[in-house]
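Enquirer: Sharing a structure with you now.
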Protein chains: 2
Amino acid sequence: MNITGEALIGGIAERGSAGSFQAWDPNLQQHIAPAFNMVDRDQIDRACRLAGEAFDIFRATSDAERAHFLETVAEQILAIGDELIVRAMAESGLPRMRLEGERGRTVGQLRLFAELLREGSWRDVRIDTALPERTPPRPDLRMQMTGLGPVAVFAASNFPLAFSVAGGDTASAFAAGCPVVLKAHSAHPGTSELVARAVVRAVEQCGLPAGVFALLTGTGNGIGQALVAHPAIQAVGFTGSRSGGTALMAVAAARPQPIPVYAEMSSINPLILMPQALAARADEIGKGFAASLVLGVGQFCTNPGLVLAIDGPGLDTFCEAASRALLDTQAATMLTQGIAQSYRKGVELLRGHHAVTTLACLEHVEGKGAAALFRTSAEHFLAHHELHGEVFGPSSVVVACRDLAELRAVTEVLEGQLTATLQIDEGDYEAARALLPVLERKVGRILANGFPTGVEVSTAMVHGGPFPATADGRSTSVGTGAINRFLRPVCYQNLPQALLPEALRDHNPLGIWRRRDGALTKE
Amino acid sequence: MNITGEALIGGIAERGSAGSFQAWDPNLQQHIAPAFNMVDRDQIDRACRLAGEAFDIFRATSDAERAHFLETVAEQILAIGDELIVRAMAESGLPRMRLEGERGRTVGQLRLFAELLREGSWRDVRIDTALPERTPPRPDLRMQMTGLGPVAVFAASNFPLAFSVAGGDTASAFAAGCPVVLKAHSAHPGTSELVARAVVRAVEQCGLPAGVFALLTGTGNGIGQALVAHPAIQAVGFTGSRSGGTALMAVAAARPQPIPVYAEMSSINPLILMPQALAARADEIGKGFAASLVLGVGQFCTNPGLVLAIDGPGLDTFCEAASRALLDTQAATMLTQGIAQSYRKGVELLRGHHAVTTLACLEHVEGKGAAALFRTSAEHFLAHHELHGEVFGPSSVVVACRDLAELRAVTEVLEGQLTATLQIDEGDYEAARALLPVLERKVGRILANGFPTGVEVSTAMVHGGPFPATADGRSTSVGTGAINRFLRPVCYQNLPQALLPEALRDHNPLGIWRRRDGALTKE
């Protein structure tokens with residue numbers, strides 16, 4: 001398939017008129033052909049207007065039709081073949097196996113949402129039957145969830161497939177019946193174009209309006225800001241930096257009609273080593289932690305950037321084991337030059353910080369991420385807010401606490417996080433029980449005896465968390481719960497059967513679970 | 001019971017130090033004793049901190065315990081006896097029957113949320129069982145919804161009981177396990193104090209931490225802004241004006257940690273008269289509309305402030321019938337002087353507008369709301385945005401359209417609304433079908449052949465809608481769905497049974513519906 005460097009608007013490839021840029025191969029440290037043309041204001045406006053016009057038709061499709069569409073997108077992605085993997089490798093520096101796995105996840109997500117649509121309870125159907133004899137009479141009330149409207153999706157740098165053009169945000173928005181205007185990530189425009197062409201083919205094949213999907217290509221913040229400000233856009237999905245996410249939140253809040261932003265931004269994912277676990281398995285935990293820290297060159301939102309434990313020989317053993325394991329790793333290519341530069345800056349800040357000891361730090365290699373491990377005391381951590389920020393990459397800070405009370409005090413000052421992980425043995429349960437309420441307030445997912453990297457795409461997954469982990473802690477961006485981000489309830493009062501949406505009709509034509517007078521039933 | 005004019009913080013009555021004010025009797029046009037002391041910054045801070053400290057304990061209560069608490073609040077409200085009704089009548093000018101009905105609704109809401117807690121599926125429990133044989137193995141994942149944290153609730157002027165101290169926002173926040181810091185409405189501080197003392201008694205009786213509830217009393221915007229800006233507050237419930245709601249949205253968005261605001265603000269609730277219905281029942285619909293318009297002196301958020309129809313003899317008959325019925329009504333006391341003044345201003349703007357014809361307008365009486373009906377063309381309505389705003393009170397604008405296409409064009413330019421009502425006969429179904437997608441995008445509740453005033457408190461109700469009807473169209477503030485506003489998901493990965501929340505344990509100790517590997521079950 002040819003990568004032409006064009007945007008895709010209304011199903012048609014067209015050249016942007018606002019300059020051009022090229023992709024960058026972080027391994028070879030060189031630009032990759034072709035040039036990508038950047039979209040202008042008029043093109044952004046057109047893509048959004050077409051999405052707005054397509055919305056009513058798209059959300060009027062049956063769940064079965066949208067399920068088929070999602071499956072067709074999955075098939076079309078697979079049909080690109082190895083070209084997709086090769087291009088993604090070149091643009092991201094990620095290895096083949098990782099990208100093949102990520103393609104599998106991407107296709108799996110699309111199919112999971114198709115299943116969800118066929119199951120039907122995502123609509124949260126509620127029917128309160130009329131009580132004509134009551135004083136006052138109760139009308140017939142029927143409620144279901146419906147799509148919010150066109151969604152602006154921003155592709156992630158660190159998941160060129162699973163959180164980009166046809167990734168989790170797009171899949172859940174499509175499932176909800178929402179058209180997607182996609183802003184490609186400038187780090188992998190070729191990968192984006194390949195997948196976007198697959199989506200466009202699926203749109204055509206399923207006979208959907210072309211406005212259901214558009215690909216906008218470009219660099220800088222201008223396109224994103226214009227996109228979020230566009231009146232047709234009704235929600236935003238974003239995965240990226242805290243500064244990028246909060247900038248979009250500000251644009252969304254300042255609109256004449258404010259809209260929800262689901263930005264997944266920043267998390268240091270505390271790993272908490274409880275005393276008994278540390279006494280029993282410090283060495284093993286240290287090795288496991290190091291492996292989790294360097295996975296994907298630390299470029300996961302769930303990377304364990306903070307370790308909390310009570311000071312003592314167990315913690316020393318952990319630190320030694322982790323340091324040894326990290327010093328055995330190699331600096332590896334990071335996704336972009338910008339990410340590599342930010343990472344180096346973050347590591348240098350820690351290395352030069354008077355309150356921080358360097359436990360392990362691989363030698364810096366330009367464009368690469370070299371593992372680093374630091375140590376400080378709880379007292380210093382509490383006093384220095386600059387130690388709380390995310391350093392995106394394979395770097396982590398161990399915070400030694402005097403006792404459980406101080407450890408709890410540290411968790412209390414943490415900002416919102418995607419995850420927190422407890423290393424616990426049975427003797428730690430009581431102490432863990434005291435800590436859990438704090439963690440429940442602070443994070444979206446609490447793990448025991450594992451490591452936070454590795455996010456299952458399933459029904460119960462929560463990949464979310466209070467600000468700044470995400471813009472909106474009421475949501476998850478991974479798993480079937482992600483569809484809820486793009487839904488709102490609509491109630492019908494005394495509407496004749498002939499005018500009711502199918503899911504709300506008397507004889508339950510879709511055969512789905514519904515809440516009838518408060519009770520769940522398929523009748 | 002004595003009304004002392006004090007705030008209630010940490011379960012203790014204390015005097016505010018920031019000046020004082022008195023309630024106003026809108027019927028007698030005079031102040032009512034006693035003086036109410038306004039809270040200062042320190043008191044606001046203390047109430048919020050206590051709410052923050054109470055949160056973990058409160059949300060750790062069992063659903064049965066919180067259900068009992070809600071029922072105790074209901075009992076304690078009833079135990080106030082007639083004094084509550086008498087005080088509310090004096091402060092609001094509303095008649096006894098309305099307030100007795102509203103008390104019934106308030107108590108009913110609290111009991112409905114108690115039922116919801118006992119039923120248990122509000123937690124949306126999801127369990128994905130471990131798949132240790134899979135490559136990679138799937139961990140055990142369990143998810144449930146949990147409370148967001150302390151909620152700042154702003155009492156509504158137009159529902160001194162059902163949307164004030166122990167009204168819908170408070171009931172749903174309590175049900176979610178969230179402490180409430182309540183800003184009393186300055187129009188009914190005595191009513192607020194009586195109910196707040198009932199809530200405090202229930203808190204004591206149920207052995208809950210005193211920080212679970214606080215009453216803050218005062219006038220002006222300062223208290224509300226300090227409250228929403230306080231770091232302990234995690235969500236806001238508000239019912240009131242568009243300017244008030246958007247001001248709080250701005251404060252919430254500007255916080256270091258932005259928080260959700262659920263503001264129910266502004267709606268003109270279009271009533272759409274379809275051709276066949278108009279041909280068959282213009283006179284009857286006109287009378288019904290007039291009755292809905294003047295109900296509660298038009299001081300309902302669901303008041304029908306806009307009528308859309310195709311021009312012709314049917315519409316003329318409707319206008320005549322409605323005008324006759326309105327001219328038969330009497331100007332009646334409005335809730336506050338401010339509301340009466342705003343209403344008069346709104347009516348004068350319409351009466352003096354060059355593009356508007358006055359169909360009926362009762363003579364103005366100071367402090368009262370006199371019914372008014374106006375008429376304009378779709379062309380004028382589309383050209384004059386100032387005709388789209390809410391005039392809070394018994395005033396409405398009839399917009400005559402050339403044809404269905406123009407009627408649809410008018411609905412397309414409307415802002416978000418709480419409701420839209422279709423008057424339809426069978427011959428109108430096809431035309432209605434073309435209109436429904438627009439209405440579904442614009443409103444939270446679509447009614448057929450009724451009037452929008454009258455909001456059932458039930459499972460399927462949606463009292464919400466896109467901005468500016470509410471700040472967040474993904475929610476309802478009435479009915480059991482209101483609990484979702486104050487919840488967020490938390491996932492537990494591989495947590496030992498002993499540390500899991502009860503609702504997530506293997507043997508389903510609460511006996512509730514849970515989603516297990518994607519399928520609903522009570523097993």
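Identifiers for the structure tokens are assigned positionally: chains receive A, B, ... in sequence, residues are indexed from 1 per chain, and ligands are indexed from 1 in the order shown.
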Residues of chain A that approach chain B to 7 Å or less, counting only C-alpha atoms: could you list each one with the shortest pair of atoms and its distance in Å to one decimal, rows by chain and increasing residue number, as a tab-separated table?

Expert:
residue	atom	partner	partner_atom	distance
A:Asp56	CA	B:Pro437	CA	6.3
A:Arg126	CA	B:Ala460	CA	5.0
A:Ile127	CA	B:Ala460	CA	5.8
A:Asp128	CA	B:Ala460	CA	5.9
A:Leu141	CA	B:Ala460	CA	5.8
A:Arg142	CA	B:Ala460	CA	5.6
A:Met143	CA	B:Ala460	CA	5.2
A:Gln257	CA	B:Phe467	CA	6.1
A:Arg433	CA	B:Leu499	CA	6.6
A:Pro437	CA	B:Asp56	CA	6.3
A:Glu440	CA	B:Val490	CA	6.8
A:Gly444	CA	B:Val490	CA	4.8
A:Arg445	CA	B:Cys491	CA	4.5
A:Ile446	CA	B:Tyr492	CA	4.9
A:Leu447	CA	B:Gln493	CA	4.5
A:Ala448	CA	B:Leu495	CA	5.2
A:Thr459	CA	B:Gly518	CA	6.1
A:Ala460	CA	B:Arg126	CA	5.0
A:Met461	CA	B:Cys491	CA	6.2
A:Val462	CA	B:Cys491	CA	5.5
A:Phe467	CA	B:Gln257	CA	6.1
A:Gly473	CA	B:Arg488	CA	6.4
A:Arg474	CA	B:Arg488	CA	4.2
A:Ser475	CA	B:Arg488	CA	6.7
A:Leu487	CA	B:Arg474	CA	6.6
A:Arg488	CA	B:Arg474	CA	4.2
A:Pro489	CA	B:Arg474	CA	6.4
A:Val490	CA	B:Gly444	CA	4.8
A:Cys491	CA	B:Arg445	CA	4.5
A:Tyr492	CA	B:Ile446	CA	4.9
A:Gln493	CA	B:Leu447	CA	4.5
A:Asn494	CA	B:Ala448	CA	5.5
A:Leu495	CA	B:Ala448	CA	5.2
A:Leu499	CA	B:Arg433	CA	6.5
A:Gly518	CA	B:Thr459	CA	6.1

Enquirer: Please save N, CA and C atoms of the selected residues as a CSV table (one decimal), in the first residue's frame.

Expert:
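Saved result, again_37.csv, follows:
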chain,number,residue,atom,x,y,z
A,56,ASP,N,-26.1,11.4,13.2
A,56,ASP,CA,-27.4,10.8,13.3
A,56,ASP,C,-27.5,9.5,12.6
A,126,ARG,N,-33.6,1.2,30.9
A,126,ARG,CA,-34.5,1.2,32.1
A,126,ARG,C,-35.9,1.6,31.7
A,127,ILE,N,-36.8,0.8,32.2
A,127,ILE,CA,-38.2,1.0,31.8
A,127,ILE,C,-39.0,1.1,33.1
A,128,ASP,N,-39.7,2.2,33.3
A,128,ASP,CA,-40.6,2.3,34.4
A,128,ASP,C,-42.0,2.3,33.8
A,141,LEU,N,-42.0,5.6,31.4
A,141,LEU,CA,-40.7,6.2,31.2
A,141,LEU,C,-39.7,5.1,30.7
A,142,ARG,N,-38.9,5.5,29.7
A,142,ARG,CA,-38.0,4.5,29.2
A,142,ARG,C,-36.7,5.2,28.9
A,143,MET,N,-35.6,4.7,29.3
A,143,MET,CA,-34.3,5.4,29.2
A,143,MET,C,-33.3,4.5,28.5
A,257,GLN,N,-20.0,26.0,24.5
A,257,GLN,CA,-20.6,24.8,25.1
A,257,GLN,C,-19.4,23.9,25.5
A,433,ARG,N,-4.7,-3.3,54.9
A,433,ARG,CA,-6.1,-2.9,55.1
A,433,ARG,C,-6.2,-1.4,55.5
A,437,PRO,N,-7.8,2.3,51.9
A,437,PRO,CA,-8.7,3.4,51.7
A,437,PRO,C,-8.0,4.6,51.0
A,440,GLU,N,-7.5,3.7,47.4
A,440,GLU,CA,-8.8,3.7,46.6
A,440,GLU,C,-9.2,5.2,46.2
A,444,GLY,N,-6.8,4.3,40.1
A,444,GLY,CA,-7.9,3.6,39.4
A,444,GLY,C,-7.8,2.1,39.5
A,445,ARG,N,-6.5,1.6,39.8
A,445,ARG,CA,-6.3,0.1,39.8
A,445,ARG,C,-5.3,-0.2,40.9
A,446,ILE,N,-5.7,-1.1,41.8
A,446,ILE,CA,-4.8,-1.6,42.9
A,446,ILE,C,-4.4,-3.0,42.6
A,447,LEU,N,-3.1,-3.2,42.6
A,447,LEU,CA,-2.6,-4.6,42.3
A,447,LEU,C,-1.9,-5.2,43.5
A,448,ALA,N,-2.0,-6.5,43.7
A,448,ALA,CA,-1.3,-7.2,44.7
A,448,ALA,C,-0.3,-8.1,44.0
A,459,THR,N,-13.5,-6.6,30.8
A,459,THR,CA,-14.7,-6.0,31.3
A,459,THR,C,-14.4,-5.2,32.6
A,460,ALA,N,-13.5,-5.7,33.4
A,460,ALA,CA,-13.3,-5.2,34.8
A,460,ALA,C,-12.1,-4.2,34.8
A,461,MET,N,-11.4,-4.1,33.7
A,461,MET,CA,-10.2,-3.2,33.8
A,461,MET,C,-10.6,-1.8,34.0
A,462,VAL,N,-9.8,-1.1,34.9
A,462,VAL,CA,-9.8,0.3,35.0
A,462,VAL,C,-8.5,0.9,34.7
A,467,PHE,N,-7.3,13.0,38.7
A,467,PHE,CA,-6.4,13.9,38.1
A,467,PHE,C,-5.1,14.0,38.9
A,473,GLY,N,-11.5,11.3,36.4
A,473,GLY,CA,-11.3,10.0,37.1
A,473,GLY,C,-12.6,9.1,37.1
A,474,ARG,N,-13.6,9.6,36.5
A,474,ARG,CA,-14.9,8.8,36.5
A,474,ARG,C,-14.9,7.8,35.4
A,475,SER,N,-13.7,7.5,34.8
A,475,SER,CA,-13.7,6.8,33.5
A,475,SER,C,-12.5,5.8,33.4
A,487,LEU,N,-21.1,8.3,26.2
A,487,LEU,CA,-22.6,8.1,26.2
A,487,LEU,C,-23.3,9.1,27.2
A,488,ARG,N,-24.5,9.3,26.9
A,488,ARG,CA,-25.4,10.1,27.8
A,488,ARG,C,-26.8,9.5,27.8
A,489,PRO,N,-27.6,9.7,28.8
A,489,PRO,CA,-28.9,9.1,28.9
A,489,PRO,C,-29.9,10.0,28.2
A,490,VAL,N,-30.9,9.3,27.5
A,490,VAL,CA,-32.1,10.0,27.0
A,490,VAL,C,-33.3,9.2,27.4
A,491,CYS,N,-34.3,9.9,28.0
A,491,CYS,CA,-35.5,9.3,28.5
A,491,CYS,C,-36.7,9.6,27.6
A,492,TYR,N,-37.6,8.7,27.4
A,492,TYR,CA,-38.7,8.8,26.5
A,492,TYR,C,-40.0,8.7,27.4
A,493,GLN,N,-40.8,9.7,27.4
A,493,GLN,CA,-42.0,9.6,28.3
A,493,GLN,C,-43.3,9.5,27.5
A,494,ASN,N,-44.0,8.4,27.7
A,494,ASN,CA,-45.2,8.1,27.0
A,494,ASN,C,-45.1,8.1,25.5
A,495,LEU,N,-43.9,7.7,25.0
A,495,LEU,CA,-43.8,7.7,23.5
A,495,LEU,C,-44.5,6.5,23.0
A,499,LEU,N,-42.6,4.8,17.8
A,499,LEU,CA,-41.6,5.8,17.8
A,499,LEU,C,-40.4,5.6,18.7
A,518,GLY,N,-37.2,-1.2,38.1
A,518,GLY,CA,-36.1,-1.4,39.0
A,518,GLY,C,-35.4,-2.7,39.0

Enquirer: Please identify which residues in stretch 326-484 of chain B DSSP calls alpha helix (DSSP H) from the backbone, and express them as a ChimeraX atom specification.

Expert: /B:326-327,337-351,378-383,404-413,429-442

Enquirer: So that I have them on file, write out the residues from the current selection with N, CA and C atoms, as a short mmCIF file (atom, residue, chain, number, x, y, z; two decimals), in the first residue's frame.

Expert:
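This is the output file result.cif:
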data_model
loop_
_atom_site.label_atom_id
_atom_site.label_comp_id
_atom_site.auth_asym_id
_atom_site.auth_seq_id
_atom_site.Cartn_x
_atom_site.Cartn_y
_atom_site.Cartn_z
N LEU B 326 -54.72 31.76 29.89
CA LEU B 326 -53.73 32.52 30.67
C LEU B 326 -54.34 33.80 31.23
N LEU B 327 -55.20 34.44 30.44
CA LEU B 327 -55.82 35.69 30.91
C LEU B 327 -56.79 35.42 32.06
N GLN B 337 -37.60 38.23 45.42
CA GLN B 337 -37.67 39.51 44.74
C GLN B 337 -36.82 39.50 43.49
N GLY B 338 -35.67 38.86 43.59
CA GLY B 338 -34.76 38.81 42.44
C GLY B 338 -35.38 38.07 41.27
N ILE B 339 -36.03 36.96 41.57
CA ILE B 339 -36.67 36.18 40.50
C ILE B 339 -37.80 36.99 39.87
N ALA B 340 -38.59 37.68 40.71
CA ALA B 340 -39.70 38.49 40.18
C ALA B 340 -39.16 39.61 39.29
N GLN B 341 -38.07 40.24 39.71
CA GLN B 341 -37.49 41.32 38.90
C GLN B 341 -36.94 40.80 37.58
N SER B 342 -36.22 39.67 37.64
CA SER B 342 -35.68 39.09 36.40
C SER B 342 -36.81 38.71 35.46
N TYR B 343 -37.88 38.16 36.04
CA TYR B 343 -39.01 37.74 35.21
C TYR B 343 -39.61 38.95 34.51
N ARG B 344 -39.80 40.00 35.26
CA ARG B 344 -40.40 41.18 34.66
C ARG B 344 -39.52 41.71 33.53
N LYS B 345 -38.22 41.74 33.77
CA LYS B 345 -37.27 42.20 32.76
C LYS B 345 -37.37 41.34 31.50
N GLY B 346 -37.44 40.04 31.69
CA GLY B 346 -37.54 39.12 30.55
C GLY B 346 -38.81 39.34 29.75
N VAL B 347 -39.92 39.53 30.47
CA VAL B 347 -41.20 39.76 29.81
C VAL B 347 -41.18 41.09 29.06
N GLU B 348 -40.60 42.11 29.69
CA GLU B 348 -40.55 43.43 29.05
C GLU B 348 -39.71 43.37 27.77
N LEU B 349 -38.62 42.61 27.80
CA LEU B 349 -37.78 42.47 26.61
C LEU B 349 -38.60 41.89 25.47
N LEU B 350 -39.37 40.86 25.77
CA LEU B 350 -40.18 40.22 24.72
C LEU B 350 -41.28 41.17 24.26
N ARG B 351 -41.92 41.85 25.22
CA ARG B 351 -43.03 42.72 24.88
C ARG B 351 -42.58 43.88 24.01
N ALA B 378 -40.59 31.83 12.67
CA ALA B 378 -39.34 31.08 12.71
C ALA B 378 -38.20 31.94 12.17
N GLU B 379 -38.48 32.67 11.13
CA GLU B 379 -37.46 33.52 10.52
C GLU B 379 -36.90 34.50 11.56
N HIS B 380 -37.79 35.14 12.28
CA HIS B 380 -37.36 36.07 13.32
C HIS B 380 -36.63 35.34 14.45
N PHE B 381 -37.18 34.22 14.83
CA PHE B 381 -36.56 33.46 15.94
C PHE B 381 -35.12 33.07 15.58
N LEU B 382 -34.96 32.63 14.34
CA LEU B 382 -33.62 32.22 13.90
C LEU B 382 -32.67 33.42 13.85
N ALA B 383 -33.22 34.59 13.57
CA ALA B 383 -32.37 35.77 13.43
C ALA B 383 -32.05 36.43 14.77
N LEU B 404 -42.45 21.86 7.96
CA LEU B 404 -41.70 20.97 8.86
C LEU B 404 -40.20 21.19 8.75
N ALA B 405 -39.74 21.52 7.55
CA ALA B 405 -38.31 21.74 7.37
C ALA B 405 -37.86 22.94 8.20
N GLU B 406 -38.66 23.99 8.20
CA GLU B 406 -38.29 25.17 8.99
C GLU B 406 -38.39 24.85 10.49
N LEU B 407 -39.38 24.07 10.85
CA LEU B 407 -39.52 23.67 12.26
C LEU B 407 -38.28 22.89 12.70
N ARG B 408 -37.84 22.00 11.82
CA ARG B 408 -36.64 21.24 12.13
C ARG B 408 -35.42 22.16 12.25
N ALA B 409 -35.37 23.15 11.37
CA ALA B 409 -34.25 24.10 11.40
C ALA B 409 -34.23 24.85 12.74
N VAL B 410 -35.41 25.17 13.26
CA VAL B 410 -35.47 25.87 14.55
C VAL B 410 -34.95 24.94 15.66
N THR B 411 -35.39 23.68 15.65
CA THR B 411 -34.91 22.77 16.70
C THR B 411 -33.38 22.61 16.62
N GLU B 412 -32.86 22.67 15.40
CA GLU B 412 -31.40 22.50 15.23
C GLU B 412 -30.60 23.63 15.86
N VAL B 413 -31.16 24.84 15.93
CA VAL B 413 -30.38 25.94 16.51
C VAL B 413 -30.57 26.05 18.02
N TYR B 429 -46.69 10.57 12.99
CA TYR B 429 -45.55 9.71 13.37
C TYR B 429 -44.38 9.85 12.40
N GLU B 430 -44.69 9.89 11.12
CA GLU B 430 -43.58 9.93 10.16
C GLU B 430 -42.78 11.22 10.32
N ALA B 431 -43.51 12.32 10.47
CA ALA B 431 -42.82 13.60 10.66
C ALA B 431 -42.05 13.60 11.98
N ALA B 432 -42.65 13.02 13.01
CA ALA B 432 -41.99 12.96 14.32
C ALA B 432 -40.71 12.15 14.24
N ARG B 433 -40.75 11.07 13.45
CA ARG B 433 -39.59 10.20 13.29
C ARG B 433 -38.40 10.98 12.72
N ALA B 434 -38.69 11.93 11.86
CA ALA B 434 -37.63 12.74 11.26
C ALA B 434 -37.06 13.75 12.26
N LEU B 435 -37.90 14.10 13.24
CA LEU B 435 -37.50 15.11 14.21
C LEU B 435 -36.76 14.50 15.41
N LEU B 436 -37.07 13.24 15.71
CA LEU B 436 -36.54 12.62 16.93
C LEU B 436 -35.01 12.64 17.02
N PRO B 437 -34.28 12.36 15.94
CA PRO B 437 -32.82 12.40 16.07
C PRO B 437 -32.30 13.75 16.53
N VAL B 438 -32.92 14.82 16.05
CA VAL B 438 -32.49 16.15 16.50
C VAL B 438 -32.77 16.31 17.99
N LEU B 439 -33.97 15.91 18.39
CA LEU B 439 -34.34 16.06 19.80
C LEU B 439 -33.45 15.20 20.70
N GLU B 440 -33.13 14.02 20.24
CA GLU B 440 -32.25 13.14 21.04
C GLU B 440 -30.89 13.79 21.27
N ARG B 441 -30.42 14.55 20.30
CA ARG B 441 -29.15 15.25 20.48
C ARG B 441 -29.26 16.44 21.41
N LYS B 442 -30.46 17.02 21.48
CA LYS B 442 -30.62 18.31 22.17
C LYS B 442 -31.14 18.19 23.59
#

Enquirer: Write out as a list in words each polymer residue whose atoms come within 10 Å of B:Arg255, counting only C-alpha atoms; drop sequence neighbours fewer than 5 positions from it.

Expert: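 Contacts, with the query itself left out: Val228, Ala229, His230, Pro231 and Ala250 of chain B.
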
Enquirer: If we count only C-alpha atoms and set the cut-off at 7 Å, which residues sit around stretch 199-207 of chain B, ignoring sequence neighbours fewer than 2 positions away in its own chain? Please answer as a PyMOL selection string.

Expert: chain B and resi 11+69+72-73+76+195-197+209-210+213

Enquirer: Taking 3 positions as the minimum chain separation for residues in the same chain, which residues sit within 8 Å of stretch 218-220 of chain A when counting only C-alpha atoms? Answer as a list in words.

Expert: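 Selected residues are Ser20, Phe21, Phe36, Asn37, Met38, Val39, Lys183, Ala184, His185, Ser186 and Ile223 of chain A.
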
Enquirer: Could you save those same residues with N, CA and C atoms as a PDB file, in the first residue's frame?

Expert:
ATOM      1  N   SER A  20       4.649  20.983   5.523  1.00  0.00           N
ATOM      2  CA  SER A  20       4.826  19.540   5.567  1.00  0.00           C
ATOM      3  C   SER A  20       5.912  19.154   6.556  1.00  0.00           C
ATOM      4  N   PHE A  21       5.955  17.883   6.905  1.00  0.00           N
ATOM      5  CA  PHE A  21       6.983  17.360   7.815  1.00  0.00           C
ATOM      6  C   PHE A  21       7.235  15.914   7.431  1.00  0.00           C
ATOM      7  N   PHE A  36       4.723  14.493   4.769  1.00  0.00           N
ATOM      8  CA  PHE A  36       3.306  14.546   5.164  1.00  0.00           C
ATOM      9  C   PHE A  36       2.839  15.984   5.153  1.00  0.00           C
ATOM     10  N   ASN A  37       1.736  16.218   4.462  1.00  0.00           N
ATOM     11  CA  ASN A  37       1.205  17.579   4.405  1.00  0.00           C
ATOM     12  C   ASN A  37       0.315  17.836   5.605  1.00  0.00           C
ATOM     13  N   MET A  38       0.464  19.010   6.186  1.00  0.00           N
ATOM     14  CA  MET A  38      -0.303  19.338   7.381  1.00  0.00           C
ATOM     15  C   MET A  38      -1.636  19.981   6.995  1.00  0.00           C
ATOM     16  N   VAL A  39      -2.683  19.608   7.722  1.00  0.00           N
ATOM     17  CA  VAL A  39      -4.008  20.149   7.393  1.00  0.00           C
ATOM     18  C   VAL A  39      -4.134  21.592   7.845  1.00  0.00           C
ATOM     19  N   LYS A 183      -6.669  12.973  15.212  1.00  0.00           N
ATOM     20  CA  LYS A 183      -5.420  13.707  15.029  1.00  0.00           C
ATOM     21  C   LYS A 183      -4.280  12.686  15.147  1.00  0.00           C
ATOM     22  N   ALA A 184      -3.601  12.443  14.014  1.00  0.00           N
ATOM     23  CA  ALA A 184      -2.492  11.484  14.017  1.00  0.00           C
ATOM     24  C   ALA A 184      -1.354  12.018  14.869  1.00  0.00           C
ATOM     25  N   HIS A 185      -0.597  11.117  15.478  1.00  0.00           N
ATOM     26  CA  HIS A 185       0.592  11.570  16.194  1.00  0.00           C
ATOM     27  C   HIS A 185       1.703  11.812  15.183  1.00  0.00           C
ATOM     28  N   SER A 186       2.389  12.940  15.333  1.00  0.00           N
ATOM     29  CA  SER A 186       3.388  13.298  14.319  1.00  0.00           C
ATOM     30  C   SER A 186       4.592  12.363  14.357  1.00  0.00           C
ATOM     31  N   ILE A 223      -3.505  22.326  15.409  1.00  0.00           N
ATOM     32  CA  ILE A 223      -4.566  21.460  14.883  1.00  0.00           C
ATOM     33  C   ILE A 223      -5.432  20.951  16.029  1.00  0.00           C
TER      34      ILE A 223
END

Enquirer: Could you name the residues that touch A:Gly312 at 10 Å or less, counting only C-alpha atoms, but leaving out those on the same chain fewer than 6 positions away, as a PyMOL selection string?

Expert: chain A and resi 275+278-279+400-402

Enquirer: Set the distance at 7 Å and use only C-alpha atoms: which residues neighbour A:Asn269 once local chain neighbours fewer than 2 positions away are removed? I'd like the list as a short mmCIF file (atom, residue, chain, number, x, y, z; two decimals) with C-alpha atoms, in the first residue's frame.

Expert:
data_model
loop_
_atom_site.label_atom_id
_atom_site.label_comp_id
_atom_site.auth_asym_id
_atom_site.auth_seq_id
_atom_site.Cartn_x
_atom_site.Cartn_y
_atom_site.Cartn_z
CA SER A 267 1.19 8.71 36.59
CA LEU A 271 4.95 0.23 44.15
CA THR A 302 1.81 2.34 34.14
CA ASN A 303 5.57 2.36 34.58
CA PRO A 304 6.50 2.03 38.30
CA GLY A 305 8.19 5.40 38.85
CA LEU A 306 7.96 5.32 42.64
CA GLN A 417 -2.47 7.75 39.79
CA LEU A 418 -3.46 5.07 37.31
CA THR A 419 -2.25 2.29 39.59
CA ALA A 420 -0.78 1.39 42.95
#

Enquirer: Hey, what does DSSP flag as strand (DSSP E) within stretch 138-386 of chain B? Can you give it to me as a PyMOL selection string?

Expert: chain B and resi 141-147+151-154+180-183+213-216+235-239+261-264+270-273+306-310+332-333+357-361+368-369+372-377

Enquirer: Taking only C-alpha atoms into account, which of B:Met265, B:Met1, B:Ile512, B:Ala35 comes nearest B:Phe300?

Expert: B:Met265
